[in-house]
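Each remark here refers to the structure printed beneath this line.
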Amino acid sequence: MQLHKHRCVTRKVGSDHPLYGKTVYIPDMAEGSVEALCAALRWIGLAARPTPLSDVHTLEVGGKHTSGDECFPARVTTGDFLKIAQQPGFDAKRTIFMMPTTDGPCRFGQYAPFLRKVLREQGHGDVQVLSTHGEHGYSDFKDFDNAFVRTAWRVVVAADILRKLLLQTRPYETLIGAADRTFRDSLADLCQTVEQSCSNSACQMRSLSDSLLRARARFHSVPARFDGHRPLIGIVGEIFCRLNNFSNQDLVRRLESQGAECWMADIAEWIGYTNAEEARNLRLAGRNYSWAMIKSKLRSRVQFADEHALRSLFVEDFEGYEEPSLEEALKLARPYLPFPGAEGEMVMNIGRSAYLALHGADGIADISPFACMNGVVSEAIYPKLSRDYAGIPVRNFYFDGQQSDLDCDIGIYLELARSYRGKKPRERVYPGRFSRRNVEMAAG
Ligand code: SF4
């Protein structure tokens, strides 16, 4: 007999909250993830929107306010934020631009101060720039409680899962556009679910799981023919450029249209890495037994449990696409970038590339902004990594907003991947939706 009937309640922030009545804009970095994060903000009663889709005007406006020395994502995000500021009726006092930051080894830490400076110069100094810090796993949302931080993490993981389903299905669809439509429908379902979800953590988890199971059913009904003909290309690289279709000129779609399937590194991977870095830095500072360390460990543990709960709904779908654990990726990176001297995205790029080679990928594509420090260091290491892993082809694709003959480069690269495929030492594991007969026929 049920003694206490659960009643769903969603707690909203009140008008005394410092962000109440304002609109938070988040850079539209990754298809799906940013919409889901905005839904999490609406869940607590705040208005939130992704920045409008990037376009030629983004580059014009961003280019006008950057010198050319900044990294390409700084130009894109600055352009997109300034486009909002140029809209009629723009109210700086009621606007918040979210721009995370870090102390890390590269220029990312300069994005938020740079944005503040440009806004001031353009007479929009009243715009608040909200910066979560990579040093705390991007969890230091000032003015937000733990419930929001946990929900934000859950939606990031859920959106990663939807993107993974999309990338696994789209190359094999027999009805053009069906996988993209399914992705959009599932994302709308996820956003609505999170926005209406209960403040009780377990109850919210049930709703999110149900939403993901509905997405799973939708993807299963996409008309598709899963065969083993397509080379599997692992996608690594700088997080913004890798995930932002505008910045990378839709590289994944172009690879797919020339016959590949892509397996992309998730956003959750990077947040997991920053959590581990936080713990490492506390240890190095002699703060092993500190409140900060307890908080960091607790957060990592809770996040890991939530991620595991959501991903475990997809064990069969993701067979052969299992994500490396952080420890595994770091261990694989260590021969190339010794701990603790090297840190940042390059470590995850290298570790994941080795992992992909060990799991039957036919090639690795690194997507990075032109002159990205992480991309340049990774590029210097790839030839050795390729030699160590039976000659797997690794190709850097750099982007700076200029047009290039990308399709021709992709064609040449995929030829290398196909030729490696015939001689690679490790076969990939295919999930059950690939029939054995089709896979064997493809293998010849
Ligand atoms: S990761 Fe690369 S592109 Fe991003 S801020 Fe650092 S150097 Fe620039």
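Ordered as shown in the structure tokens, chains take letters A, B, and onward, while each chain numbers its residues from 1 and ligands are numbered from 1 in the order shown.
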Which neighbours of Glu70 of chain A fall inside 12 Å, counting only C-alpha atoms, when residues of the same chain fewer than 3 positions from it are skipped, and could you give them as an MDAnalysis selection string?
chainID A and resid 62:63 65:67 73:78 106:111 114:115 369:373 400
Generate a file of the selected residues that holds N, CA, C and O atoms, formatted as a short mmCIF file (atom, residue, chain, number, x, y, z; two decimals), in the first residue's frame.
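Written out: result-v3.cif:
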data_model
loop_
_atom_site.label_atom_id
_atom_site.label_comp_id
_atom_site.auth_asym_id
_atom_site.auth_seq_id
_atom_site.Cartn_x
_atom_site.Cartn_y
_atom_site.Cartn_z
N GLY A 62 31.51 39.78 -36.12
CA GLY A 62 32.60 39.28 -35.27
C GLY A 62 33.94 39.78 -35.78
O GLY A 62 34.81 40.17 -35.00
N GLY A 63 34.10 39.80 -37.12
CA GLY A 63 35.36 40.23 -37.73
C GLY A 63 35.65 41.71 -37.45
O GLY A 63 36.80 42.11 -37.28
N HIS A 65 35.00 43.35 -34.84
CA HIS A 65 35.37 43.62 -33.44
C HIS A 65 36.48 42.70 -32.93
O HIS A 65 36.74 42.66 -31.73
N THR A 66 37.11 41.97 -33.84
CA THR A 66 38.26 41.15 -33.44
C THR A 66 39.43 41.55 -34.34
O THR A 66 39.23 42.08 -35.43
N SER A 67 40.64 41.26 -33.87
CA SER A 67 41.82 41.73 -34.63
C SER A 67 42.34 40.66 -35.59
O SER A 67 43.17 40.94 -36.44
N PRO A 73 36.50 30.52 -32.62
CA PRO A 73 35.25 30.51 -31.84
C PRO A 73 34.97 31.84 -31.15
O PRO A 73 33.81 32.21 -30.95
N ALA A 74 36.03 32.59 -30.80
CA ALA A 74 35.82 33.91 -30.18
C ALA A 74 35.15 34.84 -31.18
O ALA A 74 34.26 35.62 -30.84
N ARG A 75 35.57 34.74 -32.44
CA ARG A 75 34.98 35.59 -33.47
C ARG A 75 33.50 35.23 -33.69
O ARG A 75 32.64 36.09 -33.79
N VAL A 76 33.23 33.92 -33.74
CA VAL A 76 31.85 33.47 -33.99
C VAL A 76 30.94 33.87 -32.82
O VAL A 76 29.86 34.43 -33.03
N THR A 77 31.37 33.60 -31.58
CA THR A 77 30.49 33.91 -30.45
C THR A 77 30.32 35.42 -30.27
O THR A 77 29.22 35.89 -30.00
N THR A 78 31.41 36.17 -30.47
CA THR A 78 31.29 37.64 -30.37
C THR A 78 30.32 38.15 -31.43
O THR A 78 29.44 38.98 -31.14
N CYS A 106 45.26 27.54 -22.64
CA CYS A 106 45.11 28.25 -23.92
C CYS A 106 44.32 29.53 -23.76
O CYS A 106 44.14 30.03 -22.66
N ARG A 107 43.80 30.04 -24.89
CA ARG A 107 43.20 31.38 -24.88
C ARG A 107 41.74 31.43 -24.45
O ARG A 107 41.13 32.49 -24.42
N PHE A 108 41.20 30.28 -24.13
CA PHE A 108 39.76 30.25 -23.79
C PHE A 108 39.44 31.17 -22.61
O PHE A 108 38.36 31.76 -22.54
N GLY A 109 40.39 31.27 -21.69
CA GLY A 109 40.18 32.12 -20.52
C GLY A 109 40.00 33.59 -20.88
O GLY A 109 39.54 34.39 -20.06
N GLN A 110 40.35 33.96 -22.13
CA GLN A 110 40.24 35.38 -22.53
C GLN A 110 38.89 35.71 -23.15
O GLN A 110 38.57 36.88 -23.36
N TYR A 111 38.10 34.69 -23.49
CA TYR A 111 36.84 34.96 -24.22
C TYR A 111 35.91 35.89 -23.42
O TYR A 111 35.39 36.87 -23.96
N PHE A 114 37.21 39.42 -22.92
CA PHE A 114 37.19 40.08 -24.24
C PHE A 114 35.76 40.50 -24.60
O PHE A 114 35.53 41.63 -25.06
N LEU A 115 34.82 39.61 -24.36
CA LEU A 115 33.42 39.93 -24.67
C LEU A 115 32.95 41.13 -23.85
O LEU A 115 32.31 42.05 -24.38
N PRO A 369 39.86 24.89 -34.71
CA PRO A 369 40.03 26.20 -35.32
C PRO A 369 41.48 26.38 -35.79
O PRO A 369 42.39 25.79 -35.19
N PHE A 370 41.65 27.18 -36.82
CA PHE A 370 42.98 27.46 -37.33
C PHE A 370 43.86 28.03 -36.21
O PHE A 370 43.43 28.90 -35.46
N ALA A 371 45.06 27.49 -36.07
CA ALA A 371 46.04 27.94 -35.06
C ALA A 371 45.63 27.63 -33.63
O ALA A 371 46.18 28.20 -32.69
N CYS A 372 44.67 26.74 -33.45
CA CYS A 372 44.29 26.33 -32.09
C CYS A 372 45.47 25.62 -31.44
O CYS A 372 46.06 24.71 -32.04
N MET A 373 45.80 26.05 -30.23
CA MET A 373 46.97 25.46 -29.56
C MET A 373 46.81 23.95 -29.38
O MET A 373 47.72 23.17 -29.64
N ASP A 400 38.69 28.55 -40.21
CA ASP A 400 38.79 29.95 -39.78
C ASP A 400 37.76 30.82 -40.47
O ASP A 400 37.89 32.03 -40.55
#
Neighbours of Arg421 of chain A within 9 Å (only C-alpha atoms; same-chain residues fewer than 2 positions away dropped), as a count of residues only?
14
I need the residues of segment 239-355 of chain A that end up classed as alpha helix (DSSP H) by DSSP on the backbone, written out as a PyMOL selection string.
chain A and resi 239-243+251-257+267-284+291-311+326-333+345-355
Atomic separation - atom CA of Leu326 of chain A relative to atom CA of Val156 of chain A, Å
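Atom-to-atom, atom CA of Val156 of chain A and atom CA of Leu326 of chain A are spaced 17.2 Å apart.
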Quick check for you: according to DSSP on this backbone, which residues of segment 221-436 of chain A are classed as strand (DSSP E or B)? Reply as a list in words.
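Matching residues for strand (DSSP E or B) in segment 221-436 of chain A are Ala224, Leu232, Ile233, Gly234, Ile235, Val236, Gly237, Glu261, Cys262, Trp263, Met264, Gly363, Ile364, Ala365, Asp366, Ile367, Ser368, Pro369, Val394, Arg395, Asn396, Phe397, Tyr398 and Phe399 of chain A.
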Output C-alpha atoms of each residue in that selection to a file, as a PDB file, in the first residue's frame.
ATOM      1  CA  ALA A 224      17.114   2.521 -42.564  1.00  0.00           C
ATOM      2  CA  LEU A 232      33.733   4.590 -39.253  1.00  0.00           C
ATOM      3  CA  ILE A 233      35.455   7.929 -38.647  1.00  0.00           C
ATOM      4  CA  GLY A 234      36.193   9.059 -35.094  1.00  0.00           C
ATOM      5  CA  ILE A 235      35.723  12.802 -34.618  1.00  0.00           C
ATOM      6  CA  VAL A 236      37.936  14.574 -32.090  1.00  0.00           C
ATOM      7  CA  GLY A 237      39.208  18.148 -31.772  1.00  0.00           C
ATOM      8  CA  GLU A 261      29.701   7.146 -40.447  1.00  0.00           C
ATOM      9  CA  CYS A 262      31.005   9.416 -37.666  1.00  0.00           C
ATOM     10  CA  TRP A 263      31.536   8.809 -33.960  1.00  0.00           C
ATOM     11  CA  MET A 264      31.913  12.139 -32.206  1.00  0.00           C
ATOM     12  CA  GLY A 363      40.137   6.868 -39.440  1.00  0.00           C
ATOM     13  CA  ILE A 364      40.319   9.867 -37.119  1.00  0.00           C
ATOM     14  CA  ALA A 365      39.347  13.406 -38.075  1.00  0.00           C
ATOM     15  CA  ASP A 366      40.448  16.239 -35.805  1.00  0.00           C
ATOM     16  CA  ILE A 367      38.279  19.346 -36.203  1.00  0.00           C
ATOM     17  CA  SER A 368      39.902  22.461 -34.761  1.00  0.00           C
ATOM     18  CA  PRO A 369      40.029  26.202 -35.323  1.00  0.00           C
ATOM     19  CA  VAL A 394      44.491  10.792 -38.926  1.00  0.00           C
ATOM     20  CA  ARG A 395      43.656  14.076 -40.597  1.00  0.00           C
ATOM     21  CA  ASN A 396      43.439  17.586 -39.139  1.00  0.00           C
ATOM     22  CA  PHE A 397      40.705  19.804 -40.540  1.00  0.00           C
ATOM     23  CA  TYR A 398      41.292  23.438 -39.553  1.00  0.00           C
ATOM     24  CA  PHE A 399      38.648  26.153 -39.838  1.00  0.00           C
TER      25      PHE A 399
END
Residue contacts of Arg254 of chain A (10 Å, only C-alpha atoms) excluding same-chain residues fewer than 6 positions away, as a list in words
Ala260, Leu406, Asp407, Ile410 and Gly411 of chain A
If we count only C-alpha atoms and set the cut-off at 12 Å, which residues sit around Leu213 of chain A, ignoring sequence neighbours fewer than 4 positions away in its own chain? Please answer as a PDB file with N, CA, C and O atoms, in the first residue's frame.
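selection-v8.pdb, freshly written:
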ATOM      1  N   ALA A 158      21.787  13.859 -21.720  1.00  0.00           N
ATOM      2  CA  ALA A 158      20.662  13.412 -22.550  1.00  0.00           C
ATOM      3  C   ALA A 158      20.823  13.912 -23.987  1.00  0.00           C
ATOM      4  O   ALA A 158      20.583  13.169 -24.955  1.00  0.00           O
ATOM      5  N   ILE A 161      23.317  11.944 -25.839  1.00  0.00           N
ATOM      6  CA  ILE A 161      22.753  10.651 -26.267  1.00  0.00           C
ATOM      7  C   ILE A 161      21.933  10.827 -27.556  1.00  0.00           C
ATOM      8  O   ILE A 161      22.054  10.042 -28.496  1.00  0.00           O
ATOM      9  N   LEU A 162      21.135  11.893 -27.600  1.00  0.00           N
ATOM     10  CA  LEU A 162      20.333  12.118 -28.818  1.00  0.00           C
ATOM     11  C   LEU A 162      21.238  12.332 -30.032  1.00  0.00           C
ATOM     12  O   LEU A 162      20.974  11.831 -31.126  1.00  0.00           O
ATOM     13  N   LEU A 165      22.575   9.069 -31.199  1.00  0.00           N
ATOM     14  CA  LEU A 165      21.579   8.305 -31.955  1.00  0.00           C
ATOM     15  C   LEU A 165      21.462   8.853 -33.379  1.00  0.00           C
ATOM     16  O   LEU A 165      21.350   8.099 -34.345  1.00  0.00           O
ATOM     17  N   SER A 186      12.668  14.510 -30.975  1.00  0.00           N
ATOM     18  CA  SER A 186      13.119  13.969 -29.688  1.00  0.00           C
ATOM     19  C   SER A 186      13.682  15.071 -28.802  1.00  0.00           C
ATOM     20  O   SER A 186      13.513  15.058 -27.587  1.00  0.00           O
ATOM     21  N   ASP A 189      10.808  16.965 -27.361  1.00  0.00           N
ATOM     22  CA  ASP A 189      10.251  16.135 -26.276  1.00  0.00           C
ATOM     23  C   ASP A 189      11.120  16.294 -25.020  1.00  0.00           C
ATOM     24  O   ASP A 189      10.612  16.530 -23.909  1.00  0.00           O
ATOM     25  N   LEU A 190      12.432  16.210 -25.198  1.00  0.00           N
ATOM     26  CA  LEU A 190      13.352  16.324 -24.056  1.00  0.00           C
ATOM     27  C   LEU A 190      13.217  17.695 -23.382  1.00  0.00           C
ATOM     28  O   LEU A 190      13.145  17.805 -22.154  1.00  0.00           O
ATOM     29  N   ARG A 206      13.124   9.851 -13.694  1.00  0.00           N
ATOM     30  CA  ARG A 206      12.169   8.962 -14.382  1.00  0.00           C
ATOM     31  C   ARG A 206      11.614   9.642 -15.624  1.00  0.00           C
ATOM     32  O   ARG A 206      11.502   9.033 -16.687  1.00  0.00           O
ATOM     33  N   SER A 207      11.264  10.930 -15.513  1.00  0.00           N
ATOM     34  CA  SER A 207      10.713  11.616 -16.697  1.00  0.00           C
ATOM     35  C   SER A 207      11.745  11.705 -17.809  1.00  0.00           C
ATOM     36  O   SER A 207      11.428  11.492 -18.984  1.00  0.00           O
ATOM     37  N   LEU A 208      12.994  12.017 -17.436  1.00  0.00           N
ATOM     38  CA  LEU A 208      14.030  12.131 -18.478  1.00  0.00           C
ATOM     39  C   LEU A 208      14.278  10.769 -19.135  1.00  0.00           C
ATOM     40  O   LEU A 208      14.445  10.676 -20.362  1.00  0.00           O
ATOM     41  N   SER A 209      14.290   9.730 -18.327  1.00  0.00           N
ATOM     42  CA  SER A 209      14.495   8.381 -18.883  1.00  0.00           C
ATOM     43  C   SER A 209      13.363   8.040 -19.845  1.00  0.00           C
ATOM     44  O   SER A 209      13.590   7.496 -20.929  1.00  0.00           O
ATOM     45  N   ALA A 217      12.618   4.774 -29.315  1.00  0.00           N
ATOM     46  CA  ALA A 217      11.581   4.143 -30.149  1.00  0.00           C
ATOM     47  C   ALA A 217      11.455   4.890 -31.477  1.00  0.00           C
ATOM     48  O   ALA A 217      11.326   4.277 -32.545  1.00  0.00           O
ATOM     49  N   ARG A 218      11.526   6.226 -31.426  1.00  0.00           N
ATOM     50  CA  ARG A 218      11.426   7.000 -32.681  1.00  0.00           C
ATOM     51  C   ARG A 218      12.579   6.662 -33.607  1.00  0.00           C
ATOM     52  O   ARG A 218      12.388   6.446 -34.805  1.00  0.00           O
ATOM     53  N   PHE A 219      13.792   6.634 -33.064  1.00  0.00           N
ATOM     54  CA  PHE A 219      14.949   6.338 -33.926  1.00  0.00           C
ATOM     55  C   PHE A 219      14.853   4.926 -34.493  1.00  0.00           C
ATOM     56  O   PHE A 219      15.239   4.690 -35.636  1.00  0.00           O
ATOM     57  N   HIS A 220      14.306   4.008 -33.703  1.00  0.00           N
ATOM     58  CA  HIS A 220      14.181   2.632 -34.218  1.00  0.00           C
ATOM     59  C   HIS A 220      13.195   2.562 -35.385  1.00  0.00           C
ATOM     60  O   HIS A 220      13.253   1.639 -36.190  1.00  0.00           O
ATOM     61  N   LEU A 310      21.362   7.141 -17.307  1.00  0.00           N
ATOM     62  CA  LEU A 310      20.777   7.507 -18.609  1.00  0.00           C
ATOM     63  C   LEU A 310      21.371   6.677 -19.746  1.00  0.00           C
ATOM     64  O   LEU A 310      20.659   6.196 -20.625  1.00  0.00           O
ATOM     65  N   ARG A 311      22.674   6.477 -19.696  1.00  0.00           N
ATOM     66  CA  ARG A 311      23.301   5.713 -20.791  1.00  0.00           C
ATOM     67  C   ARG A 311      22.929   4.235 -20.737  1.00  0.00           C
ATOM     68  O   ARG A 311      22.928   3.555 -21.765  1.00  0.00           O
ATOM     69  N   SER A 312      22.635   3.738 -19.537  1.00  0.00           N
ATOM     70  CA  SER A 312      22.332   2.303 -19.439  1.00  0.00           C
ATOM     71  C   SER A 312      21.027   1.952 -20.163  1.00  0.00           C
ATOM     72  O   SER A 312      20.760   0.783 -20.425  1.00  0.00           O
ATOM     73  N   LEU A 313      20.228   2.953 -20.517  1.00  0.00           N
ATOM     74  CA  LEU A 313      19.008   2.671 -21.298  1.00  0.00           C
ATOM     75  C   LEU A 313      19.370   2.277 -22.732  1.00  0.00           C
ATOM     76  O   LEU A 313      18.523   1.810 -23.484  1.00  0.00           O
ATOM     77  N   PHE A 314      20.627   2.507 -23.105  1.00  0.00           N
ATOM     78  CA  PHE A 314      21.020   2.338 -24.508  1.00  0.00           C
ATOM     79  C   PHE A 314      22.139   1.309 -24.691  1.00  0.00           C
ATOM     80  O   PHE A 314      22.891   1.404 -25.657  1.00  0.00           O
ATOM     81  N   ASP A 317      21.871  -0.373 -28.076  1.00  0.00           N
ATOM     82  CA  ASP A 317      22.074   0.573 -29.193  1.00  0.00           C
ATOM     83  C   ASP A 317      23.534   0.996 -29.304  1.00  0.00           C
ATOM     84  O   ASP A 317      24.039   1.213 -30.400  1.00  0.00           O
TER      85      ASP A 317
END
Among the residues A:Gln303, A:Ser404, A:Asn349, A:Thr51, the one that comes closest to ligand 1 [using only C-alpha atoms and all ligand atoms]
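So, comparing all the options, the nearest one is A:Asn349.
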Write out as a PyMOL selection string which residues come within 12 Å of Trp43 of chain A when counting only C-alpha atoms, dropping same-chain ones fewer than 2 positions away.
chain A and resi 9-13+36-41+45-48+147-149+151-152+155+191-199+204
Just to be explicit: take each residue in the selection above, keep N, CA, C and O atoms, and write the result as a short mmCIF file (atom, residue, chain, number, x, y, z; two decimals), in the first residue's frame.
data_model
loop_
_atom_site.label_atom_id
_atom_site.label_comp_id
_atom_site.auth_asym_id
_atom_site.auth_seq_id
_atom_site.Cartn_x
_atom_site.Cartn_y
_atom_site.Cartn_z
N VAL A 9 6.07 18.67 -8.07
CA VAL A 9 6.11 20.12 -7.87
C VAL A 9 7.39 20.64 -8.53
O VAL A 9 8.43 20.01 -8.42
N THR A 10 7.29 21.75 -9.21
CA THR A 10 8.50 22.36 -9.77
C THR A 10 8.73 23.70 -9.08
O THR A 10 7.87 24.58 -9.13
N ARG A 11 9.88 23.81 -8.42
CA ARG A 11 10.18 25.06 -7.72
C ARG A 11 10.76 26.07 -8.70
O ARG A 11 11.66 25.74 -9.47
N LYS A 12 10.22 27.27 -8.67
CA LYS A 12 10.74 28.33 -9.55
C LYS A 12 11.43 29.39 -8.69
O LYS A 12 11.06 29.57 -7.52
N VAL A 13 12.37 30.09 -9.29
CA VAL A 13 13.01 31.17 -8.53
C VAL A 13 12.01 32.33 -8.42
O VAL A 13 11.12 32.47 -9.27
N ALA A 36 18.59 22.26 -24.85
CA ALA A 36 18.27 21.50 -23.63
C ALA A 36 18.70 22.28 -22.38
O ALA A 36 17.98 22.30 -21.38
N LEU A 37 19.84 22.95 -22.48
CA LEU A 37 20.32 23.75 -21.34
C LEU A 37 19.38 24.94 -21.10
O LEU A 37 19.10 25.30 -19.95
N CYS A 38 18.89 25.52 -22.17
CA CYS A 38 17.92 26.63 -22.03
C CYS A 38 16.65 26.11 -21.35
O CYS A 38 16.06 26.80 -20.51
N ALA A 39 16.23 24.90 -21.71
CA ALA A 39 15.03 24.33 -21.09
C ALA A 39 15.26 24.14 -19.59
O ALA A 39 14.35 24.33 -18.78
N ALA A 40 16.49 23.78 -19.21
CA ALA A 40 16.80 23.61 -17.78
C ALA A 40 16.70 24.95 -17.05
O ALA A 40 16.26 25.01 -15.91
N LEU A 41 17.10 26.04 -17.72
CA LEU A 41 16.96 27.36 -17.10
C LEU A 41 15.48 27.75 -16.98
O LEU A 41 15.06 28.33 -15.98
N GLY A 45 12.41 28.81 -13.96
CA GLY A 45 11.65 30.05 -14.10
C GLY A 45 12.42 31.20 -14.71
O GLY A 45 11.99 32.36 -14.60
N LEU A 46 13.55 30.91 -15.39
CA LEU A 46 14.31 31.99 -16.04
C LEU A 46 14.15 31.91 -17.55
O LEU A 46 14.05 30.81 -18.10
N ALA A 47 14.12 33.05 -18.20
CA ALA A 47 14.02 33.06 -19.66
C ALA A 47 15.40 32.76 -20.24
O ALA A 47 16.40 33.32 -19.78
N ALA A 48 15.45 31.85 -21.20
CA ALA A 48 16.75 31.50 -21.80
C ALA A 48 16.57 31.12 -23.26
O ALA A 48 15.57 30.51 -23.63
N ALA A 147 20.39 21.72 -7.28
CA ALA A 147 19.35 21.04 -8.08
C ALA A 147 19.47 21.48 -9.55
O ALA A 147 19.36 20.65 -10.46
N PHE A 148 19.72 22.77 -9.75
CA PHE A 148 19.86 23.23 -11.14
C PHE A 148 21.12 22.64 -11.78
O PHE A 148 21.09 22.17 -12.92
N VAL A 149 22.22 22.66 -11.03
CA VAL A 149 23.49 22.15 -11.59
C VAL A 149 23.31 20.68 -11.98
O VAL A 149 23.75 20.25 -13.05
N THR A 151 20.46 19.17 -12.76
CA THR A 151 19.56 19.09 -13.93
C THR A 151 20.32 19.46 -15.20
O THR A 151 20.16 18.82 -16.24
N ALA A 152 21.14 20.51 -15.10
CA ALA A 152 21.92 20.94 -16.27
C ALA A 152 22.80 19.79 -16.76
O ALA A 152 22.91 19.52 -17.96
N VAL A 155 20.69 17.12 -18.57
CA VAL A 155 20.26 17.44 -19.93
C VAL A 155 21.44 17.44 -20.91
O VAL A 155 21.26 17.11 -22.08
N CYS A 191 13.17 18.75 -24.20
CA CYS A 191 13.10 20.11 -23.65
C CYS A 191 11.79 20.30 -22.88
O CYS A 191 11.78 20.86 -21.78
N GLN A 192 10.69 19.82 -23.49
CA GLN A 192 9.40 19.96 -22.81
C GLN A 192 9.41 19.15 -21.50
O GLN A 192 8.92 19.60 -20.46
N THR A 193 10.01 17.96 -21.56
CA THR A 193 10.05 17.10 -20.38
C THR A 193 10.82 17.76 -19.25
O THR A 193 10.35 17.79 -18.11
N VAL A 194 11.98 18.29 -19.57
CA VAL A 194 12.79 18.88 -18.49
C VAL A 194 12.12 20.14 -17.94
O VAL A 194 12.10 20.35 -16.72
N GLU A 195 11.53 20.91 -18.81
CA GLU A 195 10.89 22.15 -18.38
C GLU A 195 9.75 21.88 -17.40
O GLU A 195 9.50 22.64 -16.49
N GLN A 196 9.05 20.76 -17.64
CA GLN A 196 7.89 20.44 -16.79
C GLN A 196 8.24 19.45 -15.69
O GLN A 196 7.37 18.98 -14.98
N SER A 197 9.51 19.10 -15.56
CA SER A 197 9.85 18.00 -14.65
C SER A 197 9.77 18.44 -13.19
O SER A 197 9.82 19.62 -12.86
N CYS A 198 9.67 17.44 -12.35
CA CYS A 198 9.47 17.63 -10.92
C CYS A 198 10.79 18.06 -10.26
O CYS A 198 11.88 17.72 -10.73
N SER A 199 10.70 18.76 -9.16
CA SER A 199 11.92 19.15 -8.44
C SER A 199 12.52 18.00 -7.66
O SER A 199 13.67 18.08 -7.22
N GLN A 204 12.35 13.38 -11.43
CA GLN A 204 12.86 14.01 -12.65
C GLN A 204 13.62 12.99 -13.51
O GLN A 204 13.48 12.95 -14.72
#
Would you work out the distance separating atom CA of Tyr382 of chain A from atom CA of Ala342 of chain A, expressed in Å to one decimal?
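Rounded to one decimal, the two atoms are 15.6 Å apart.
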State, in Å with one decimal place, the distance from atom CA of Tyr355 of chain A to atom CA of Tyr413 of chain A.
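Pair atom CA of Tyr355 of chain A / atom CA of Tyr413 of chain A returns 20.0 Å.
Ranking A:Cys71, A:Ala285, A:Ala85, A:Val252 by their shortest atom-to-atom distance to ligand 1, with only C-alpha atoms and all ligand atoms included, puts A:Cys71 first.
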Might you pull out every residue within 7 Å of segment 331-336 of chain A, with only C-alpha atoms counted and same-chain residues fewer than 3 positions away left off, and present them as an mmCIF file with N, CA, C and O atoms, in the first residue's frame?
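See around19.cif below for the written result:
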data_model
loop_
_atom_site.group_PDB
_atom_site.id
_atom_site.type_symbol
_atom_site.label_atom_id
_atom_site.label_comp_id
_atom_site.auth_asym_id
_atom_site.auth_seq_id
_atom_site.Cartn_x
_atom_site.Cartn_y
_atom_site.Cartn_z
ATOM 1 N N GLU A 327 39.749 7.433 -17.094
ATOM 2 C CA GLU A 327 41.035 6.806 -16.736
ATOM 3 C C GLU A 327 41.645 6.136 -17.975
ATOM 4 O O GLU A 327 42.844 6.220 -18.231
ATOM 5 N N GLU A 328 40.776 5.478 -18.744
ATOM 6 C CA GLU A 328 41.248 4.775 -19.936
ATOM 7 C C GLU A 328 41.829 5.772 -20.954
ATOM 8 O O GLU A 328 42.914 5.552 -21.507
ATOM 9 N N PHE A 339 51.807 12.847 -18.103
ATOM 10 C CA PHE A 339 51.179 13.422 -16.933
ATOM 11 C C PHE A 339 52.279 13.858 -15.956
ATOM 12 O O PHE A 339 53.276 13.126 -15.826
ATOM 13 N N VAL A 347 44.941 16.346 -24.496
ATOM 14 C CA VAL A 347 45.066 15.065 -23.796
ATOM 15 C C VAL A 347 43.890 14.159 -24.171
ATOM 16 O O VAL A 347 44.062 12.974 -24.498
ATOM 17 N N ILE A 350 44.107 12.947 -27.890
ATOM 18 C CA ILE A 350 45.073 11.881 -28.140
ATOM 19 C C ILE A 350 44.580 10.563 -27.523
ATOM 20 O O ILE A 350 44.611 9.503 -28.164
ATOM 21 N N GLY A 351 44.103 10.643 -26.280
ATOM 22 C CA GLY A 351 43.612 9.426 -25.618
ATOM 23 C C GLY A 351 42.450 8.813 -26.372
ATOM 24 O O GLY A 351 42.391 7.605 -26.600
ATOM 25 N N ALA A 354 43.524 7.136 -29.714
ATOM 26 C CA ALA A 354 44.081 5.791 -29.505
ATOM 27 C C ALA A 354 42.961 4.799 -29.202
ATOM 28 O O ALA A 354 42.938 3.669 -29.713
ATOM 29 N N ILE A 381 51.522 15.184 -32.780
ATOM 30 C CA ILE A 381 51.587 13.836 -32.192
ATOM 31 C C ILE A 381 50.961 12.772 -33.101
ATOM 32 O O ILE A 381 51.359 11.599 -33.076
#
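For the set A:Ser221, A:Val429, A:Asp143, A:Ala380, the residue with the smallest atom-to-atom gap to Tyr20 of chain A is A:Asp143, counting only C-alpha atoms.
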Please determine, counting only C-alpha atoms and all ligand atoms, which residue among A:Met98, A:Ala357, A:Val376, A:Val56 has the shortest atom-to-atom distance to ligand 1.
A:Val376
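Of the listed residues A:Glu121, A:Glu307, A:Glu322, A:Glu345, the one whose atoms come nearest to ligand 1 is A:Glu345, with distances taken using only C-alpha atoms and all ligand atoms.
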For Val127 of chain A, the closest of A:Leu166, A:Ala178, A:Leu19, A:Ile44 counting only C-alpha atoms is A:Leu19
Quick one: everything within 9 Å of Ser300 of chain A, counting only C-alpha atoms, minus sequence neighbours fewer than 2 positions away in the same chain. Send it as a PDB file with C-alpha atoms, in the first residue's frame.
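Saved to part_10.pdb:
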ATOM      1  CA  GLY A 137      33.745  21.451 -13.785  1.00  0.00           C
ATOM      2  CA  GLY A 272      34.274  14.772 -16.734  1.00  0.00           C
ATOM      3  CA  ASN A 275      36.147  17.470 -12.798  1.00  0.00           C
ATOM      4  CA  ALA A 276      39.207  15.218 -12.673  1.00  0.00           C
ATOM      5  CA  LYS A 295      32.489  18.862  -2.931  1.00  0.00           C
ATOM      6  CA  SER A 296      34.394  17.987  -6.078  1.00  0.00           C
ATOM      7  CA  LYS A 297      34.352  14.243  -5.366  1.00  0.00           C
ATOM      8  CA  LEU A 298      30.700  14.277  -4.443  1.00  0.00           C
ATOM      9  CA  VAL A 302      26.609  12.086  -8.510  1.00  0.00           C
ATOM     10  CA  GLN A 303      27.270  13.048 -12.124  1.00  0.00           C
ATOM     11  CA  PHE A 304      28.757   9.667 -12.885  1.00  0.00           C
ATOM     12  CA  ALA A 305      25.714   7.910 -11.375  1.00  0.00           C
TER      13      ALA A 305
END
